[in-house]
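Note sheet for the following structure.
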Amino acid sequence: MTLVSMNDMLEQALAGHYAVGQFNLNNLEFTQAILQGAQAEQAPVILGVSEAYIPYMGGLPCIAGMVKALIAHYGITVPVALHLDHGTSYDVCIQAIHAGFTSVMIDASHHPLAHNIEVTRQVTQAAHVLGVSVESEIGRITGREDDLVVDEAEGMYAVPEDCVRLVRETGIDCLAPALGSVHGPYRGQPKLGFERMAEIRAMTGLPLVLHGGSGLPDGEIRQAIACGTAKINVNTDNQIACTTAIRTFLNEHPTAYDPRNYLIPAREAITASVRAKIQLFGCAGKAGGN
Ligand code: 13P
């Protein structure tokens, strides 16, 4: 299956009242685990690559090449979107598209609204020429996303009227409004703004994206989906599953040295984590639509 944009999968998710998982790539093993988890669950999947991971994984062409080669090698048949997560500039979005990404997020949420709208509009105009889907953020989602740290004092809930302006003036395909979710581990009880989420969904008509999908109680995930969330981003929970498996193996086998000995159990742990999320999001069996 060739890579696709997020548009069809998110429209189908909205109609079917489930959410598609975005799982972030950290390395080869994450990519293998996520693709195999989605295939086993017969679920569409979004592979997210955050800007900080581009140099770590050898650059955009290397990442796109690895994803395409693994899809062919494993005979993956479920729809897969390759998505730039939190692209902070027009340039990085265009570079990702050029490398073969089928979806981009432009995150200019740290700028004043007018600037956010302008950059998002430019990215969307270029992306749509090539059939690439665009996500944009408004308000500020706090926590740690790889090397990007936004502390709680900077966090802001998205304002519905601002969301409508952003959507109308840019033509984006889905929207990530900050509504109290946090990247990385939660400190204390998460407080998601569900009423506002439903209001923004009704006013914009777009599929919504929930960032910081790790560590949220199952009930909150289901409520977010009921309020119009069609895409949920997860990274930290998969990283914890991976690292716990490696730590356990090395504690039990202190003289081991072949990386496969600990990376194979780590990969299996990531796959199990991804499969559990896909099931929780109601996305299992949705590869062919509803
Ligand atoms: P978590 O790492 O908290 O799951 O968040 C991932 C995310 O939102 C990526 O954009």
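All residue names refer to the structure tokens as shown: chains lettered A, B, ... in order, residues numbered from 1 in each chain, ligands numbered from 1 in order.
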Distance query segment 31-47 of chain A at most 8 Å, only C-alpha atoms, self and fewer than 6 positions along chain excluded, as a ChimeraX atom specification:
/A:6,9,20-25,67,70-71,74,76-83,267-268,270-272,274-275,278-279,283-287
Non-local contacts of Ala256 of chain A (12 Å; only C-alpha atoms; under 6 positions in same chain excluded) as a CSV table (one decimal) with N, CA and C atoms, in the first residue's frame:
```csv
chain,number,residue,atom,x,y,z
A,246,ILE,N,13.5,-3.1,27.9
A,246,ILE,CA,15.0,-3.1,27.8
A,246,ILE,C,15.6,-3.2,29.2
A,247,ARG,N,15.1,-2.3,30.2
A,247,ARG,CA,15.6,-2.3,31.5
A,247,ARG,C,15.4,-3.7,32.2
A,249,PHE,N,15.1,-6.6,30.8
A,249,PHE,CA,16.0,-7.6,30.1
A,249,PHE,C,17.5,-7.4,30.7
A,250,LEU,N,17.9,-6.2,30.7
A,250,LEU,CA,19.4,-6.0,31.1
A,250,LEU,C,19.6,-6.3,32.5
A,262,TYR,N,17.9,-7.4,23.5
A,262,TYR,CA,17.0,-6.5,24.2
A,262,TYR,C,16.1,-5.7,23.3
A,263,LEU,N,16.5,-5.5,22.1
A,263,LEU,CA,15.6,-4.7,21.2
A,263,LEU,C,14.4,-5.5,20.6
```
Computed gap from atom CA of Ala64 of chain A to atom CA of Thr2 of chain A is 11.7 Å
Within segment 126-277 of chain A, find each residue whose DSSP state, derived from the backbone, is alpha helix (DSSP H), and express the selection as a VMD selection string.
chain A and resid 126 to 129 160 to 170 194 to 204 218 to 226 236 to 252 259 to 277
Expected answer as a PyMOL selection string: strand (DSSP E) residues in segment 72-241 of chain A:
chain A and resi 80-87+103-106+133-138+142-145+148-150+174-177+182-183+208-210+229-234
Using the selection just defined, write its residues with N, CA, C and O atoms as a compact mmCIF listing (two decimals), in the first residue's frame.
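Everything below was put into selection-v7.txt:
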```txt
# COMPACT_ATOMS: atom_id res chain seq x y z
N VAL A 80 -1.59 3.92 5.57
CA VAL A 80 -0.55 4.52 6.42
C VAL A 80 -0.30 5.96 5.94
O VAL A 80 -0.06 6.18 4.76
N ALA A 81 -0.37 6.91 6.87
CA ALA A 81 0.02 8.29 6.56
C ALA A 81 1.35 8.57 7.25
O ALA A 81 1.54 8.18 8.41
N LEU A 82 2.24 9.25 6.55
CA LEU A 82 3.53 9.66 7.15
C LEU A 82 3.43 11.16 7.39
O LEU A 82 3.30 11.96 6.45
N HIS A 83 3.48 11.53 8.67
CA HIS A 83 3.06 12.87 9.10
C HIS A 83 4.17 13.58 9.86
O HIS A 83 4.76 13.00 10.80
N LEU A 84 4.48 14.80 9.48
CA LEU A 84 5.42 15.63 10.25
C LEU A 84 4.67 16.16 11.47
O LEU A 84 3.63 16.80 11.33
N ASP A 85 5.21 15.90 12.66
CA ASP A 85 4.56 16.31 13.92
C ASP A 85 5.22 17.61 14.40
O ASP A 85 6.45 17.69 14.49
N HIS A 86 4.42 18.61 14.71
CA HIS A 86 4.93 19.88 15.23
C HIS A 86 6.03 20.51 14.35
O HIS A 86 7.10 20.87 14.85
N GLY A 87 5.77 20.61 13.06
CA GLY A 87 6.68 21.36 12.20
C GLY A 87 6.60 22.83 12.59
O GLY A 87 5.50 23.39 12.69
N SER A 103 1.54 14.09 4.95
CA SER A 103 0.77 14.92 5.87
C SER A 103 1.76 15.75 6.69
O SER A 103 2.86 15.27 7.00
N VAL A 104 1.36 16.98 7.03
CA VAL A 104 2.23 17.81 7.86
C VAL A 104 1.42 18.53 8.92
O VAL A 104 0.26 18.87 8.70
N MET A 105 2.05 18.75 10.07
CA MET A 105 1.48 19.66 11.07
C MET A 105 2.35 20.90 11.07
O MET A 105 3.57 20.80 11.23
N ILE A 106 1.71 22.05 10.88
CA ILE A 106 2.43 23.30 11.08
C ILE A 106 2.00 23.82 12.46
O ILE A 106 0.81 24.04 12.70
N SER A 133 -2.18 16.38 3.52
CA SER A 133 -3.09 16.94 4.52
C SER A 133 -2.33 17.81 5.52
O SER A 133 -1.13 17.61 5.74
N VAL A 134 -3.06 18.75 6.14
CA VAL A 134 -2.43 19.71 7.05
C VAL A 134 -3.20 19.79 8.37
O VAL A 134 -4.41 19.92 8.40
N GLU A 135 -2.41 19.69 9.45
CA GLU A 135 -2.93 19.88 10.81
C GLU A 135 -2.30 21.14 11.37
O GLU A 135 -1.14 21.44 11.06
N SER A 136 -3.05 21.87 12.19
CA SER A 136 -2.47 23.06 12.80
C SER A 136 -2.88 23.15 14.26
O SER A 136 -3.90 22.60 14.65
N GLU A 137 -2.04 23.80 15.06
CA GLU A 137 -2.31 23.89 16.52
C GLU A 137 -2.71 25.31 16.88
O GLU A 137 -2.21 26.28 16.31
N ILE A 138 -3.59 25.41 17.85
CA ILE A 138 -3.97 26.73 18.36
C ILE A 138 -4.12 26.64 19.87
O ILE A 138 -4.55 25.62 20.40
N THR A 142 0.93 22.06 26.74
CA THR A 142 2.10 22.12 27.61
C THR A 142 2.81 20.77 27.70
O THR A 142 2.35 19.77 27.15
N GLY A 143 3.93 20.75 28.42
CA GLY A 143 4.69 19.52 28.65
C GLY A 143 5.92 19.46 27.77
O GLY A 143 6.39 20.47 27.24
N ARG A 144 6.46 18.27 27.64
CA ARG A 144 7.71 18.08 26.89
C ARG A 144 7.43 17.20 25.68
O ARG A 144 6.96 16.08 25.80
N GLU A 145 7.67 17.76 24.50
CA GLU A 145 7.56 16.99 23.27
C GLU A 145 8.95 16.91 22.68
O GLU A 145 9.40 17.86 22.03
N LEU A 148 11.13 20.04 22.68
CA LEU A 148 10.30 21.24 22.80
C LEU A 148 9.60 21.22 24.16
O LEU A 148 8.81 20.32 24.43
N VAL A 149 9.93 22.21 24.99
CA VAL A 149 9.34 22.22 26.34
C VAL A 149 8.45 23.46 26.47
O VAL A 149 8.87 24.57 26.21
N VAL A 150 7.18 23.25 26.83
CA VAL A 150 6.26 24.38 27.07
C VAL A 150 5.76 24.23 28.49
O VAL A 150 5.11 23.24 28.83
N CYS A 174 -7.39 19.42 9.65
CA CYS A 174 -7.77 19.03 11.02
C CYS A 174 -7.07 19.98 11.99
O CYS A 174 -6.08 20.62 11.65
N LEU A 175 -7.64 20.04 13.19
CA LEU A 175 -7.23 21.08 14.13
C LEU A 175 -6.87 20.48 15.48
O LEU A 175 -7.60 19.63 16.00
N ALA A 176 -5.74 20.94 16.04
CA ALA A 176 -5.32 20.51 17.38
C ALA A 176 -5.48 21.70 18.33
O ALA A 176 -4.56 22.51 18.47
N PRO A 177 -6.64 21.82 18.97
CA PRO A 177 -6.80 22.92 19.92
C PRO A 177 -6.26 22.52 21.29
O PRO A 177 -6.50 21.39 21.73
N VAL A 182 -1.48 17.22 27.88
CA VAL A 182 -0.07 17.52 28.14
C VAL A 182 0.80 16.50 27.42
O VAL A 182 0.50 15.31 27.43
N HIS A 183 1.87 16.98 26.79
CA HIS A 183 2.86 16.05 26.22
C HIS A 183 3.69 15.45 27.36
O HIS A 183 4.09 16.16 28.27
N LEU A 208 -10.99 16.86 15.10
CA LEU A 208 -10.05 17.41 16.08
C LEU A 208 -8.96 16.39 16.41
O LEU A 208 -9.16 15.19 16.27
N VAL A 209 -7.83 16.92 16.86
CA VAL A 209 -6.67 16.10 17.21
C VAL A 209 -6.38 16.28 18.69
O VAL A 209 -6.34 17.42 19.18
N LEU A 210 -6.17 15.17 19.39
CA LEU A 210 -5.79 15.22 20.80
C LEU A 210 -4.31 14.87 20.91
O LEU A 210 -3.92 13.73 20.64
N THR A 229 -13.07 14.19 18.55
CA THR A 229 -11.64 13.91 18.32
C THR A 229 -11.52 12.69 17.41
O THR A 229 -12.07 11.63 17.71
N ALA A 230 -10.80 12.86 16.29
CA ALA A 230 -10.68 11.77 15.31
C ALA A 230 -9.24 11.29 15.17
O ALA A 230 -8.97 10.34 14.43
N LYS A 231 -8.31 11.96 15.86
CA LYS A 231 -6.89 11.57 15.80
C LYS A 231 -6.31 11.76 17.19
O LYS A 231 -6.51 12.83 17.80
N ILE A 232 -5.62 10.74 17.69
CA ILE A 232 -5.02 10.83 19.03
C ILE A 232 -3.54 10.49 18.92
O ILE A 232 -3.17 9.44 18.38
N ASN A 233 -2.70 11.41 19.44
CA ASN A 233 -1.24 11.23 19.35
C ASN A 233 -0.70 10.55 20.59
O ASN A 233 -0.99 10.98 21.72
N VAL A 234 0.13 9.55 20.37
CA VAL A 234 0.73 8.80 21.48
C VAL A 234 2.22 8.61 21.21
O VAL A 234 2.60 8.14 20.14
```
Close residues, Asp91 of chain A itself excluded, 12 Å, only C-alpha atoms, min 4 positions apart in chain, as a VMD selection string
chain A and resid 51 87 95 to 98 104 106 119 to 120 122 to 123 126 to 127
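Nearest residue to Ile63 of chain A among A:Val92, A:Gly16, A:Ala158, A:Leu28 is A:Leu28, counting only C-alpha atoms.
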Rank A:Ile141, A:Leu113, A:Ala19, A:Val4 by their smallest atom-to-atom distance to ligand 1, using only C-alpha atoms and all ligand atoms, and report the top residue only.
A:Ile141
Using only C-alpha atoms, which residues sit within 9 Å of Gly65 of chain A once same-chain residues fewer than 4 positions away are excluded, as a count of residues only?
6
Length of the atom CA of Ala108 of chain A to atom CA of Thr124 of chain A vector [Å]:
12.8 Å
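Distances to His128 of chain A were evaluated for A:Asn7, A:Asp107, A:Gly219, A:Arg165 using only C-alpha atoms, and the minimum falls at A:Asn7.
In this model, the gap between atom CA of Tyr157 of chain A and atom CA of His111 of chain A comes to 14.6 Å.
For Arg168 of chain A, the non-local neighbours within 12 Å, defined as residues at least 3 positions apart in the same chain or in other chains and counting only C-alpha atoms, are Ile117, Glu118, Thr120, Arg121, Thr124, Glu161, Asp162, Cys163, Val164, Arg165, Gly171, Ile172, Asp173, Cys174, Leu175, Met203, Thr204, Gly205 and Leu206 of chain A.
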Restrict the selected residues to C-alpha atoms and save them as a JSON list (two decimals), in the first residue's frame.
```
[["chain", "number", "residue", "atom", "x", "y", "z"],
["A", 117, "ILE", "CA", -2.86, 32.07, 10.45],
["A", 118, "GLU", "CA", -0.45, 33.47, 7.86],
["A", 120, "THR", "CA", -0.52, 28.00, 8.32],
["A", 121, "ARG", "CA", -2.19, 29.44, 5.20],
["A", 124, "THR", "CA", -1.75, 24.63, 3.46],
["A", 161, "GLU", "CA", -13.77, 32.05, 17.81],
["A", 162, "ASP", "CA", -10.01, 31.99, 17.14],
["A", 163, "CYS", "CA", -10.31, 28.37, 15.99],
["A", 164, "VAL", "CA", -13.04, 29.34, 13.50],
["A", 165, "ARG", "CA", -10.85, 32.14, 12.12],
["A", 171, "GLY", "CA", -8.20, 25.74, 4.71],
["A", 172, "ILE", "CA", -6.53, 23.22, 7.08],
["A", 173, "ASP", "CA", -7.82, 19.64, 7.27],
["A", 174, "CYS", "CA", -7.77, 19.03, 11.02],
["A", 175, "LEU", "CA", -7.23, 21.08, 14.13],
["A", 203, "MET", "CA", -18.18, 25.55, 15.15],
["A", 204, "THR", "CA", -15.32, 24.45, 12.86],
["A", 205, "GLY", "CA", -16.77, 21.24, 11.40],
["A", 206, "LEU", "CA", -13.26, 19.72, 11.31]]
```
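Distance check against ligand 1 using only C-alpha atoms and all ligand atoms: of A:Arg187, A:His253, A:His110, A:Arg201, the minimum falls on A:Arg187.
For the set A:Ile240, A:Leu280, A:Ile94, A:Leu10, the residue with the smallest atom-to-atom gap to ligand 1 is A:Ile240, counting only C-alpha atoms and all ligand atoms.
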Near Gly188 of chain A, within 12 Å and counting only C-alpha atoms, which residues show up once chain neighbours fewer than 4 positions away are dropped, as a VMD selection string?
chain A and resid 181 to 182 215 to 216
Nearest residue to Asn116 of chain A from the set A:Thr102, A:Glu220, A:Val167, A:Leu130 (distances using only C-alpha atoms):
A:Val167
